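Asker: Contents of run-v1.cif (mmCIF, N, CA and C atoms) are below:
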data_coords
#
loop_
_atom_site.label_atom_id
_atom_site.label_comp_id
_atom_site.auth_asym_id
_atom_site.auth_seq_id
_atom_site.Cartn_x
_atom_site.Cartn_y
_atom_site.Cartn_z
N VAL A 1 85.88 98.01 68.34
CA VAL A 1 84.89 97.94 69.39
C VAL A 1 83.62 98.62 68.91
N ALA A 2 82.50 97.95 69.12
CA ALA A 2 81.19 98.56 68.90
C ALA A 2 80.44 98.49 70.21
N MET A 3 79.74 99.59 70.56
CA MET A 3 79.08 99.63 71.86
C MET A 3 77.74 100.33 71.77
N ILE A 4 76.79 99.79 72.52
CA ILE A 4 75.46 100.39 72.66
C ILE A 4 75.16 100.46 74.15
N ALA A 5 74.59 101.57 74.58
CA ALA A 5 74.18 101.73 75.98
C ALA A 5 72.68 101.91 76.04
N ASP A 6 72.06 101.28 77.02
CA ASP A 6 70.66 101.54 77.36
C ASP A 6 70.68 102.41 78.62
N VAL A 7 69.91 103.49 78.60
CA VAL A 7 69.88 104.39 79.75
C VAL A 7 68.45 104.73 80.14
N GLU A 8 68.31 105.16 81.37
CA GLU A 8 67.08 105.77 81.86
C GLU A 8 67.46 107.19 82.27
N VAL A 9 66.69 108.19 81.82
CA VAL A 9 66.95 109.58 82.15
C VAL A 9 65.74 110.15 82.88
N ASN A 10 65.97 110.66 84.07
CA ASN A 10 64.92 111.32 84.84
C ASN A 10 64.87 112.78 84.39
N LYS A 11 63.82 113.16 83.70
CA LYS A 11 63.72 114.52 83.16
C LYS A 11 63.57 115.59 84.24
N LYS A 12 63.11 115.20 85.43
CA LYS A 12 62.94 116.18 86.51
C LYS A 12 64.25 116.47 87.24
N THR A 13 65.10 115.45 87.35
CA THR A 13 66.35 115.63 88.11
C THR A 13 67.59 115.65 87.23
N GLY A 14 67.49 115.13 86.01
CA GLY A 14 68.65 115.01 85.13
C GLY A 14 69.46 113.75 85.38
N HIS A 15 69.02 112.94 86.33
CA HIS A 15 69.80 111.74 86.66
C HIS A 15 69.77 110.71 85.52
N VAL A 16 70.95 110.22 85.18
CA VAL A 16 71.09 109.20 84.14
C VAL A 16 71.52 107.90 84.81
N LYS A 17 70.79 106.83 84.51
CA LYS A 17 71.18 105.51 84.97
C LYS A 17 71.45 104.66 83.73
N VAL A 18 72.66 104.11 83.65
CA VAL A 18 72.99 103.19 82.57
C VAL A 18 72.53 101.81 83.03
N THR A 19 71.58 101.24 82.30
CA THR A 19 71.01 99.96 82.71
C THR A 19 71.70 98.77 82.05
N LYS A 20 72.16 98.97 80.82
CA LYS A 20 72.78 97.86 80.11
C LYS A 20 73.77 98.40 79.09
N ILE A 21 74.87 97.67 78.93
CA ILE A 21 75.87 97.98 77.90
C ILE A 21 76.07 96.72 77.07
N TYR A 22 76.07 96.90 75.76
CA TYR A 22 76.39 95.82 74.82
C TYR A 22 77.72 96.19 74.17
N CYS A 23 78.67 95.27 74.21
CA CYS A 23 79.99 95.55 73.65
C CYS A 23 80.44 94.38 72.79
N ALA A 24 80.78 94.68 71.54
CA ALA A 24 81.42 93.70 70.65
C ALA A 24 82.87 94.13 70.49
N HIS A 25 83.80 93.22 70.73
CA HIS A 25 85.21 93.58 70.78
C HIS A 25 86.05 92.61 69.95
N ASP A 26 86.75 93.15 68.96
CA ASP A 26 87.70 92.37 68.17
C ASP A 26 89.02 92.37 68.92
N CYS A 27 89.41 91.23 69.43
CA CYS A 27 90.62 91.11 70.23
C CYS A 27 91.77 90.45 69.48
N GLY A 28 91.59 90.20 68.18
CA GLY A 28 92.58 89.38 67.49
C GLY A 28 92.42 87.95 67.98
N MET A 29 93.53 87.24 68.11
CA MET A 29 93.47 85.89 68.68
C MET A 29 93.20 86.00 70.18
N ILE A 30 92.17 85.28 70.65
CA ILE A 30 91.83 85.33 72.07
C ILE A 30 92.48 84.13 72.76
N VAL A 31 93.40 84.43 73.64
CA VAL A 31 94.12 83.38 74.37
C VAL A 31 93.33 82.95 75.61
N ASN A 32 92.73 83.91 76.30
CA ASN A 32 92.01 83.64 77.53
C ASN A 32 90.68 84.40 77.50
N PRO A 33 89.61 83.77 76.99
CA PRO A 33 88.33 84.48 76.85
C PRO A 33 87.80 85.07 78.16
N ASP A 34 87.89 84.32 79.25
CA ASP A 34 87.39 84.81 80.53
C ASP A 34 88.18 86.04 80.97
N GLY A 35 89.48 85.99 80.83
CA GLY A 35 90.32 87.13 81.17
C GLY A 35 90.02 88.34 80.30
N ALA A 36 89.79 88.11 79.02
CA ALA A 36 89.47 89.21 78.10
C ALA A 36 88.15 89.87 78.51
N ILE A 37 87.15 89.06 78.80
CA ILE A 37 85.85 89.61 79.22
C ILE A 37 86.00 90.41 80.52
N ASN A 38 86.77 89.88 81.47
CA ASN A 38 86.98 90.61 82.73
C ASN A 38 87.66 91.96 82.49
N GLN A 39 88.66 91.99 81.61
CA GLN A 39 89.33 93.24 81.28
C GLN A 39 88.37 94.24 80.65
N ILE A 40 87.62 93.77 79.68
CA ILE A 40 86.69 94.63 78.95
C ILE A 40 85.63 95.19 79.89
N GLU A 41 85.02 94.33 80.67
CA GLU A 41 83.93 94.76 81.54
C GLU A 41 84.43 95.65 82.68
N GLY A 42 85.62 95.39 83.17
CA GLY A 42 86.20 96.28 84.19
C GLY A 42 86.43 97.67 83.63
N GLY A 43 86.97 97.74 82.42
CA GLY A 43 87.18 99.04 81.78
C GLY A 43 85.89 99.77 81.51
N ILE A 44 84.87 99.04 81.11
CA ILE A 44 83.56 99.65 80.86
C ILE A 44 83.00 100.22 82.16
N ASN A 45 83.04 99.45 83.24
CA ASN A 45 82.52 99.94 84.52
C ASN A 45 83.25 101.19 85.00
N GLN A 46 84.57 101.19 84.90
CA GLN A 46 85.33 102.37 85.31
C GLN A 46 84.95 103.58 84.47
N THR A 47 84.73 103.36 83.18
CA THR A 47 84.45 104.49 82.31
C THR A 47 83.00 104.96 82.43
N VAL A 48 82.08 104.06 82.75
CA VAL A 48 80.71 104.51 83.05
C VAL A 48 80.76 105.44 84.26
N SER A 49 81.52 105.08 85.27
CA SER A 49 81.67 105.91 86.46
C SER A 49 82.25 107.28 86.09
N ARG A 50 83.30 107.27 85.30
CA ARG A 50 83.93 108.53 84.88
C ARG A 50 82.97 109.37 84.04
N THR A 51 82.21 108.72 83.20
CA THR A 51 81.30 109.43 82.30
C THR A 51 80.14 110.07 83.05
N LEU A 52 79.66 109.42 84.09
CA LEU A 52 78.47 109.92 84.79
C LEU A 52 78.77 110.79 86.00
N ILE A 53 79.78 110.45 86.78
CA ILE A 53 79.89 111.16 88.06
C ILE A 53 81.30 111.58 88.48
N GLU A 54 82.32 110.95 87.97
CA GLU A 54 83.66 111.29 88.47
C GLU A 54 84.10 112.65 87.93
N ASN A 55 84.73 113.43 88.81
CA ASN A 55 85.17 114.75 88.42
C ASN A 55 86.27 115.22 89.35
N VAL A 56 87.48 115.27 88.86
CA VAL A 56 88.59 115.79 89.65
C VAL A 56 88.43 117.30 89.72
N THR A 57 88.51 117.86 90.92
CA THR A 57 88.35 119.31 91.09
C THR A 57 89.70 119.97 91.38
N PHE A 58 89.79 121.22 90.98
CA PHE A 58 91.01 122.01 91.12
C PHE A 58 90.65 123.38 91.66
N ASP A 59 91.63 124.01 92.30
CA ASP A 59 91.52 125.45 92.52
C ASP A 59 92.62 126.09 91.67
N ARG A 60 93.02 127.29 91.94
CA ARG A 60 94.01 127.95 91.08
C ARG A 60 95.41 127.33 91.16
N SER A 61 95.68 126.52 92.19
CA SER A 61 97.05 126.03 92.33
C SER A 61 97.20 124.53 92.53
N LYS A 62 96.10 123.82 92.80
CA LYS A 62 96.26 122.40 93.10
C LYS A 62 94.96 121.62 92.89
N VAL A 63 95.11 120.31 92.92
CA VAL A 63 93.95 119.42 92.89
C VAL A 63 93.30 119.48 94.27
N THR A 64 91.99 119.63 94.29
CA THR A 64 91.27 119.68 95.57
C THR A 64 90.50 118.40 95.86
N SER A 65 90.48 117.48 94.91
CA SER A 65 89.91 116.14 95.16
C SER A 65 91.03 115.32 95.80
N VAL A 66 91.03 115.24 97.11
CA VAL A 66 92.19 114.69 97.80
C VAL A 66 91.95 113.38 98.55
N ASP A 67 90.71 112.87 98.53
CA ASP A 67 90.47 111.62 99.24
C ASP A 67 89.39 110.81 98.53
N TRP A 68 89.40 109.50 98.79
CA TRP A 68 88.42 108.61 98.15
C TRP A 68 87.07 108.68 98.83
N LYS A 69 87.02 109.16 100.07
CA LYS A 69 85.73 109.23 100.78
C LYS A 69 84.79 110.23 100.12
N SER A 70 85.32 111.35 99.65
CA SER A 70 84.47 112.38 99.06
C SER A 70 84.45 112.33 97.53
N TYR A 71 85.32 111.53 96.93
CA TYR A 71 85.36 111.45 95.47
C TYR A 71 84.27 110.52 94.97
N PRO A 72 83.41 110.98 94.05
CA PRO A 72 82.30 110.14 93.61
C PRO A 72 82.73 109.04 92.64
N ILE A 73 82.33 107.83 92.92
CA ILE A 73 82.53 106.71 91.99
C ILE A 73 81.25 105.87 91.98
N LEU A 74 81.08 105.13 90.89
CA LEU A 74 79.93 104.25 90.76
C LEU A 74 79.94 103.21 91.88
N LYS A 75 78.79 103.00 92.48
CA LYS A 75 78.64 101.97 93.52
C LYS A 75 78.13 100.69 92.85
N PHE A 76 78.34 99.55 93.49
CA PHE A 76 77.95 98.28 92.89
C PHE A 76 76.48 98.22 92.45
N PRO A 77 75.53 98.75 93.23
CA PRO A 77 74.14 98.71 92.76
C PRO A 77 73.89 99.53 91.48
N GLU A 78 74.82 100.43 91.15
CA GLU A 78 74.68 101.28 89.98
C GLU A 78 75.36 100.70 88.74
N VAL A 79 76.09 99.61 88.91
CA VAL A 79 76.82 99.00 87.79
C VAL A 79 75.81 98.41 86.80
N PRO A 80 75.95 98.76 85.52
CA PRO A 80 75.01 98.23 84.53
C PRO A 80 75.27 96.76 84.21
N GLU A 81 74.25 96.12 83.69
CA GLU A 81 74.45 94.78 83.12
C GLU A 81 75.28 94.96 81.86
N ILE A 82 76.26 94.09 81.66
CA ILE A 82 77.12 94.20 80.48
C ILE A 82 77.06 92.89 79.72
N LYS A 83 76.83 93.01 78.44
CA LYS A 83 76.83 91.85 77.53
C LYS A 83 78.02 92.05 76.58
N THR A 84 79.00 91.18 76.69
CA THR A 84 80.21 91.29 75.89
C THR A 84 80.26 90.17 74.86
N ILE A 85 80.50 90.55 73.62
CA ILE A 85 80.69 89.58 72.54
C ILE A 85 82.13 89.70 72.08
N LEU A 86 82.86 88.61 72.20
CA LEU A 86 84.26 88.60 71.75
C LEU A 86 84.32 88.16 70.29
N ILE A 87 85.08 88.89 69.51
CA ILE A 87 85.34 88.50 68.12
C ILE A 87 86.73 87.89 68.10
N ASP A 88 86.77 86.59 67.94
CA ASP A 88 88.04 85.85 67.96
C ASP A 88 88.55 85.71 66.53
N ARG A 89 89.77 86.18 66.31
CA ARG A 89 90.40 86.02 64.99
C ARG A 89 91.73 85.30 65.20
N PRO A 90 91.70 83.95 65.20
CA PRO A 90 92.89 83.17 65.51
C PRO A 90 94.05 83.40 64.54
N GLU A 91 93.76 83.91 63.35
CA GLU A 91 94.83 84.17 62.39
C GLU A 91 95.58 85.47 62.68
N ALA A 92 95.03 86.29 63.57
CA ALA A 92 95.64 87.58 63.91
C ALA A 92 96.41 87.47 65.22
N PRO A 93 97.35 88.36 65.44
CA PRO A 93 98.03 88.36 66.75
C PRO A 93 97.05 88.81 67.84
N PRO A 94 97.29 88.40 69.08
CA PRO A 94 96.42 88.89 70.16
C PRO A 94 96.75 90.36 70.45
N TRP A 95 95.73 91.22 70.41
CA TRP A 95 95.95 92.59 70.82
C TRP A 95 95.16 92.86 72.07
N GLY A 96 95.29 94.01 72.63
CA GLY A 96 94.69 94.32 73.93
C GLY A 96 93.18 94.15 73.96
N ALA A 97 92.67 93.98 75.16
CA ALA A 97 91.23 93.78 75.30
C ALA A 97 90.56 94.82 76.19
N GLY A 98 91.23 95.42 77.11
CA GLY A 98 90.56 96.32 78.04
C GLY A 98 90.57 97.78 77.64
N GLU A 99 91.64 98.19 76.99
CA GLU A 99 91.83 99.62 76.75
C GLU A 99 90.84 100.20 75.76
N MET A 100 90.59 99.52 74.67
CA MET A 100 89.78 100.10 73.61
C MET A 100 88.30 100.22 73.99
N SER A 101 87.79 99.29 74.78
CA SER A 101 86.36 99.38 75.12
C SER A 101 86.05 100.65 75.91
N ALA A 102 86.99 101.10 76.72
CA ALA A 102 86.75 102.31 77.51
C ALA A 102 86.57 103.55 76.63
N THR A 103 87.19 103.55 75.46
CA THR A 103 87.13 104.74 74.62
C THR A 103 85.75 104.98 74.01
N THR A 104 84.92 103.95 73.96
CA THR A 104 83.61 104.10 73.31
C THR A 104 82.46 104.34 74.29
N VAL A 105 82.71 104.21 75.58
CA VAL A 105 81.65 104.35 76.58
C VAL A 105 80.99 105.73 76.58
N PRO A 106 81.75 106.83 76.66
CA PRO A 106 81.08 108.14 76.70
C PRO A 106 80.19 108.40 75.48
N ALA A 107 80.66 108.02 74.31
CA ALA A 107 79.85 108.24 73.10
C ALA A 107 78.59 107.38 73.13
N ALA A 108 78.71 106.14 73.57
CA ALA A 108 77.53 105.27 73.64
C ALA A 108 76.49 105.82 74.61
N ILE A 109 76.95 106.31 75.76
CA ILE A 109 76.02 106.88 76.75
C ILE A 109 75.42 108.18 76.22
N SER A 110 76.25 109.03 75.61
CA SER A 110 75.75 110.28 75.05
C SER A 110 74.70 110.02 73.97
N ASN A 111 74.96 109.06 73.11
CA ASN A 111 73.99 108.72 72.06
C ASN A 111 72.69 108.19 72.66
N ALA A 112 72.80 107.40 73.72
CA ALA A 112 71.60 106.87 74.38
C ALA A 112 70.79 107.98 75.04
N ILE A 113 71.47 108.94 75.66
CA ILE A 113 70.77 110.09 76.25
C ILE A 113 70.05 110.87 75.15
N PHE A 114 70.75 111.09 74.04
CA PHE A 114 70.13 111.82 72.92
C PHE A 114 68.89 111.08 72.42
N ASP A 115 69.01 109.77 72.29
CA ASP A 115 67.87 108.97 71.83
C ASP A 115 66.71 109.03 72.82
N ALA A 116 67.03 109.07 74.11
CA ALA A 116 65.99 109.06 75.15
C ALA A 116 65.29 110.40 75.31
N VAL A 117 66.06 111.49 75.31
CA VAL A 117 65.46 112.79 75.66
C VAL A 117 65.81 113.92 74.68
N GLY A 118 66.59 113.63 73.66
CA GLY A 118 66.84 114.62 72.62
C GLY A 118 67.87 115.68 72.93
N VAL A 119 68.70 115.47 73.95
CA VAL A 119 69.79 116.42 74.21
C VAL A 119 71.12 115.72 74.00
N ARG A 120 72.06 116.47 73.44
CA ARG A 120 73.38 115.92 73.13
C ARG A 120 74.36 116.35 74.22
N MET A 121 74.88 115.38 74.96
CA MET A 121 75.88 115.65 75.99
C MET A 121 77.26 115.48 75.37
N ARG A 122 78.12 116.48 75.54
CA ARG A 122 79.43 116.45 74.90
C ARG A 122 80.60 116.55 75.87
N THR A 123 80.33 116.87 77.12
CA THR A 123 81.40 117.04 78.09
C THR A 123 81.12 116.18 79.32
N VAL A 124 82.05 115.27 79.63
CA VAL A 124 81.90 114.44 80.83
C VAL A 124 82.37 115.23 82.04
N PRO A 125 81.85 114.94 83.21
CA PRO A 125 80.83 113.93 83.48
C PRO A 125 79.43 114.45 83.16
N PHE A 126 78.56 113.50 82.82
CA PHE A 126 77.16 113.81 82.55
C PHE A 126 76.42 113.78 83.88
N THR A 127 76.69 114.78 84.70
CA THR A 127 76.10 114.84 86.04
C THR A 127 74.62 115.17 85.95
N ASP A 128 73.92 114.95 87.05
CA ASP A 128 72.51 115.32 87.10
C ASP A 128 72.35 116.79 86.71
N LYS A 129 73.22 117.64 87.25
CA LYS A 129 73.15 119.08 87.00
C LYS A 129 73.36 119.40 85.52
N SER A 130 74.38 118.80 84.90
CA SER A 130 74.65 119.14 83.50
C SER A 130 73.57 118.61 82.56
N VAL A 131 73.03 117.44 82.87
CA VAL A 131 71.95 116.90 82.04
C VAL A 131 70.69 117.75 82.22
N LEU A 132 70.38 118.14 83.45
CA LEU A 132 69.21 118.98 83.69
C LEU A 132 69.35 120.33 82.98
N GLU A 133 70.55 120.91 83.01
CA GLU A 133 70.79 122.17 82.29
C GLU A 133 70.55 121.99 80.80
N ALA A 134 71.03 120.89 80.24
CA ALA A 134 70.82 120.63 78.81
C ALA A 134 69.34 120.46 78.51
N LEU A 135 68.63 119.76 79.37
CA LEU A 135 67.18 119.58 79.19
C LEU A 135 66.45 120.92 79.26
N ASN A 136 66.85 121.76 80.20
CA ASN A 136 66.21 123.07 80.34
C ASN A 136 66.50 123.97 79.15
N GLN A 137 67.72 123.90 78.60
CA GLN A 137 68.06 124.68 77.40
C GLN A 137 67.25 124.23 76.21
N LYS A 138 67.01 122.93 76.13
CA LYS A 138 66.23 122.38 75.02
C LYS A 138 64.81 122.90 75.05
N SER A 139 64.24 122.97 76.26
CA SER A 139 62.84 123.37 76.37
C SER A 139 62.66 124.89 76.37
N ALA A 140 63.76 125.64 76.47
CA ALA A 140 63.66 127.11 76.50
C ALA A 140 63.44 127.69 75.11
#
Let me see the structure of the file written as structure tokens.
Answerer:
Amino acid sequence: VAMIADVEVNKKTGHVKVTKIYCAHDCGMIVNPDGAINQIEGGINQTVSRTLIENVTFDRSKVTSVDWKSYPILKFPEVPEIKTILIDRPEAPPWGAGEMSATTVPAAISNAIFDAVGVRMRTVPFTDKSVLEALNQKSA
């Protein structure tokens, strides 16, 4: 999997918006291209959400994120445009299509943030607060 993310970073608030994701995915033999694209793009969307805003909270004894109403997830208007290129290798066995694309999302977004504003984000989620702290440390 190769992935590139386009982002917009608000330097005043630290807010990161992923505007576009480009993903090239070697799936081996592709049996169902539409299904493969759906798997890949679903995994990318879930991982963009995890990378930017999702955060399970704990106290000393238990998980405190206990409902979906208060748990942050990406909303449909925040979903980036995704361009997926499938690499079909009919001579190879079909291997998975959704799992591997998710592994490259945080690095692609982190690299895009670095390219945009010069700070390296290394710990997800890249919340407004954590990005703003990184920006403030850079300028200090």
Asker: Considering only C-alpha atoms, can you say which of A:Pro106, A:Lys75, A:Leu132, A:Ala140 comes closest to Lys12 of chain A?
Answerer: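 Smallest distance to Lys12 of chain A is found for A:Leu132.
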Asker: I'd like the residues picked by the PyMOL selection byres ((chain A and resi 88-96) around 5) written out as a list in words, using the chain letters and numbers from the file.
Answerer: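 Written out, the selection comes to Cys27, Gly28, Met29, Ile30, Leu86, Ile87, Ala97 and Gly98 of chain A.
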Asker: So that I have them on file, write out the residues from the current selection with N, CA and C atoms, as a PDB file, in the frame of the given file.
Answerer:
ATOM      1  N   CYS A  27      89.410  91.230  69.430  1.00  0.00           N
ATOM      2  CA  CYS A  27      90.620  91.110  70.230  1.00  0.00           C
ATOM      3  C   CYS A  27      91.770  90.450  69.480  1.00  0.00           C
ATOM      4  N   GLY A  28      91.590  90.200  68.180  1.00  0.00           N
ATOM      5  CA  GLY A  28      92.580  89.380  67.490  1.00  0.00           C
ATOM      6  C   GLY A  28      92.420  87.950  67.980  1.00  0.00           C
ATOM      7  N   MET A  29      93.530  87.240  68.110  1.00  0.00           N
ATOM      8  CA  MET A  29      93.470  85.890  68.680  1.00  0.00           C
ATOM      9  C   MET A  29      93.200  86.000  70.180  1.00  0.00           C
ATOM     10  N   ILE A  30      92.170  85.280  70.650  1.00  0.00           N
ATOM     11  CA  ILE A  30      91.830  85.330  72.070  1.00  0.00           C
ATOM     12  C   ILE A  30      92.480  84.130  72.760  1.00  0.00           C
ATOM     13  N   LEU A  86      82.860  88.610  72.200  1.00  0.00           N
ATOM     14  CA  LEU A  86      84.260  88.600  71.750  1.00  0.00           C
ATOM     15  C   LEU A  86      84.320  88.160  70.290  1.00  0.00           C
ATOM     16  N   ILE A  87      85.080  88.890  69.510  1.00  0.00           N
ATOM     17  CA  ILE A  87      85.340  88.500  68.120  1.00  0.00           C
ATOM     18  C   ILE A  87      86.730  87.890  68.100  1.00  0.00           C
ATOM     19  N   ALA A  97      92.670  93.980  75.160  1.00  0.00           N
ATOM     20  CA  ALA A  97      91.230  93.780  75.300  1.00  0.00           C
ATOM     21  C   ALA A  97      90.560  94.820  76.190  1.00  0.00           C
ATOM     22  N   GLY A  98      91.230  95.420  77.110  1.00  0.00           N
ATOM     23  CA  GLY A  98      90.560  96.320  78.040  1.00  0.00           C
ATOM     24  C   GLY A  98      90.570  97.780  77.640  1.00  0.00           C
TER      25      GLY A  98
END
Asker: If you count all atoms listed in the file, which residues fall within 8 Å of Leu74 of chain A, apart from same-chain ones fewer than 6 positions away, as number ranges by chain?
Answerer: A: 45-46, 48-50, 52-54
Asker: Residues picked by the PyMOL selection byres (((chain A and resi 129 and name CA) around 12) and name CA) here, as number ranges by chain?
Answerer: A: 10-16, 52-53, 121, 124-128, 130-136
Asker: Would you put the residues from that selection into a file with N, CA and C atoms, as an mmCIF file, keeping the file's coordinate frame?
Answerer:
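Result file is out-v3.cif:
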data_model
loop_
_atom_site.group_PDB
_atom_site.id
_atom_site.type_symbol
_atom_site.label_atom_id
_atom_site.label_comp_id
_atom_site.auth_asym_id
_atom_site.auth_seq_id
_atom_site.Cartn_x
_atom_site.Cartn_y
_atom_site.Cartn_z
ATOM 1 N N ASN A 10 65.970 110.660 84.070
ATOM 2 C CA ASN A 10 64.920 111.320 84.840
ATOM 3 C C ASN A 10 64.870 112.780 84.390
ATOM 4 N N LYS A 11 63.820 113.160 83.700
ATOM 5 C CA LYS A 11 63.720 114.520 83.160
ATOM 6 C C LYS A 11 63.570 115.590 84.240
ATOM 7 N N LYS A 12 63.110 115.200 85.430
ATOM 8 C CA LYS A 12 62.940 116.180 86.510
ATOM 9 C C LYS A 12 64.250 116.470 87.240
ATOM 10 N N THR A 13 65.100 115.450 87.350
ATOM 11 C CA THR A 13 66.350 115.630 88.110
ATOM 12 C C THR A 13 67.590 115.650 87.230
ATOM 13 N N GLY A 14 67.490 115.130 86.010
ATOM 14 C CA GLY A 14 68.650 115.010 85.130
ATOM 15 C C GLY A 14 69.460 113.750 85.380
ATOM 16 N N HIS A 15 69.020 112.940 86.330
ATOM 17 C CA HIS A 15 69.800 111.740 86.660
ATOM 18 C C HIS A 15 69.770 110.710 85.520
ATOM 19 N N VAL A 16 70.950 110.220 85.180
ATOM 20 C CA VAL A 16 71.090 109.200 84.140
ATOM 21 C C VAL A 16 71.520 107.900 84.810
ATOM 22 N N LEU A 52 79.660 109.420 84.090
ATOM 23 C CA LEU A 52 78.470 109.920 84.790
ATOM 24 C C LEU A 52 78.770 110.790 86.000
ATOM 25 N N ILE A 53 79.780 110.450 86.780
ATOM 26 C CA ILE A 53 79.890 111.160 88.060
ATOM 27 C C ILE A 53 81.300 111.580 88.480
ATOM 28 N N MET A 121 74.880 115.380 74.960
ATOM 29 C CA MET A 121 75.880 115.650 75.990
ATOM 30 C C MET A 121 77.260 115.480 75.370
ATOM 31 N N VAL A 124 82.050 115.270 79.630
ATOM 32 C CA VAL A 124 81.900 114.440 80.830
ATOM 33 C C VAL A 124 82.370 115.230 82.040
ATOM 34 N N PRO A 125 81.850 114.940 83.210
ATOM 35 C CA PRO A 125 80.830 113.930 83.480
ATOM 36 C C PRO A 125 79.430 114.450 83.160
ATOM 37 N N PHE A 126 78.560 113.500 82.820
ATOM 38 C CA PHE A 126 77.160 113.810 82.550
ATOM 39 C C PHE A 126 76.420 113.780 83.880
ATOM 40 N N THR A 127 76.690 114.780 84.700
ATOM 41 C CA THR A 127 76.100 114.840 86.040
ATOM 42 C C THR A 127 74.620 115.170 85.950
ATOM 43 N N ASP A 128 73.920 114.950 87.050
ATOM 44 C CA ASP A 128 72.510 115.320 87.100
ATOM 45 C C ASP A 128 72.350 116.790 86.710
ATOM 46 N N SER A 130 74.380 118.800 84.900
ATOM 47 C CA SER A 130 74.650 119.140 83.500
ATOM 48 C C SER A 130 73.570 118.610 82.560
ATOM 49 N N VAL A 131 73.030 117.440 82.870
ATOM 50 C CA VAL A 131 71.950 116.900 82.040
ATOM 51 C C VAL A 131 70.690 117.750 82.220
ATOM 52 N N LEU A 132 70.380 118.140 83.450
ATOM 53 C CA LEU A 132 69.210 118.980 83.690
ATOM 54 C C LEU A 132 69.350 120.330 82.980
ATOM 55 N N GLU A 133 70.550 120.910 83.010
ATOM 56 C CA GLU A 133 70.790 122.170 82.290
ATOM 57 C C GLU A 133 70.550 121.990 80.800
ATOM 58 N N ALA A 134 71.030 120.890 80.240
ATOM 59 C CA ALA A 134 70.820 120.630 78.810
ATOM 60 C C ALA A 134 69.340 120.460 78.510
ATOM 61 N N LEU A 135 68.630 119.760 79.370
ATOM 62 C CA LEU A 135 67.180 119.580 79.190
ATOM 63 C C LEU A 135 66.450 120.920 79.260
ATOM 64 N N ASN A 136 66.850 121.760 80.200
ATOM 65 C CA ASN A 136 66.210 123.070 80.340
ATOM 66 C C ASN A 136 66.500 123.970 79.150
#
Asker: What is the atom CA of Ile44 of chain A-atom N of Val63 of chain A distance in Å, reported with one decimal?
Answerer: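 Answer for the atom CA of Ile44 of chain A to atom N of Val63 of chain A separation: 26.6 Å.
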Asker: What does the distance from atom C of Thr19 of chain A to atom C of Asp6 of chain A come to in Å, to one decimal?
Answerer: 5.1 Å
Asker: What is the distance, in Å and to one decimal place, between atom CA of Arg120 of chain A and atom CA of Glu41 of chain A?
Answerer: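 Those two atoms sit 25.1 Å apart.
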Asker: Going by DSSP on the backbone, which bits of chain A are strand (DSSP E)? Write them as a list in words, please.
Answerer: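 DSSP-assigned strand (DSSP E) residues in chain A: Ala2, Met3, Ile4, Ala5, Asp6, Val7, Glu8, Val9, Val16, Lys17, Val18, Thr19, Lys20, Ile21, Tyr22, Cys23, Ala24, His25, Asp26, Glu81, Ile82, Lys83, Thr84, Ile85, Leu86 and Ile87 of chain A.
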Asker: From the options A:Met3, A:Ile85, A:Ile40, A:Ile73, which residue's atoms come nearest to Asp26 of chain A, counting all atoms listed in the file?
Answerer: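 Smallest separation from Asp26 of chain A among the options: A:Ile85.
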Asker: Exactly which residues make up the result of the PyMOL selection byres (((chain A and resi 117 and name CA) around 8) and name CA) on this file, given as a short mmCIF file (atom, residue, chain, number, x, y, z; two decimals) with N, CA and C atoms, in the coordinates of the input?
Answerer:
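Listing of out-v2.cif after writing:
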data_model
loop_
_atom_site.label_atom_id
_atom_site.label_comp_id
_atom_site.auth_asym_id
_atom_site.auth_seq_id
_atom_site.Cartn_x
_atom_site.Cartn_y
_atom_site.Cartn_z
N VAL A 9 66.69 108.19 81.82
CA VAL A 9 66.95 109.58 82.15
C VAL A 9 65.74 110.15 82.88
N LYS A 11 63.82 113.16 83.70
CA LYS A 11 63.72 114.52 83.16
C LYS A 11 63.57 115.59 84.24
N ILE A 113 71.47 108.94 75.66
CA ILE A 113 70.77 110.09 76.25
C ILE A 113 70.05 110.87 75.15
N PHE A 114 70.75 111.09 74.04
CA PHE A 114 70.13 111.82 72.92
C PHE A 114 68.89 111.08 72.42
N ASP A 115 69.01 109.77 72.29
CA ASP A 115 67.87 108.97 71.83
C ASP A 115 66.71 109.03 72.82
N ALA A 116 67.03 109.07 74.11
CA ALA A 116 65.99 109.06 75.15
C ALA A 116 65.29 110.40 75.31
N GLY A 118 66.59 113.63 73.66
CA GLY A 118 66.84 114.62 72.62
C GLY A 118 67.87 115.68 72.93
N VAL A 119 68.70 115.47 73.95
CA VAL A 119 69.79 116.42 74.21
C VAL A 119 71.12 115.72 74.00
N LEU A 135 68.63 119.76 79.37
CA LEU A 135 67.18 119.58 79.19
C LEU A 135 66.45 120.92 79.26
#
Asker: In file coordinates, which residues lie within 6.5 Å of (74.3, 99.8, 85.1) using all atoms listed in the file, given as JSON, numbers by chain?
Answerer: {"A": [17, 18, 19, 20, 77, 78, 79, 80, 81]}
Asker: Using DSSP on the backbone coordinates, identify all residues within chain A classified as helix (DSSP H, G or I); present the result as number ranges by chain.
Answerer: A: 33-52, 76-78, 99-117, 128-139
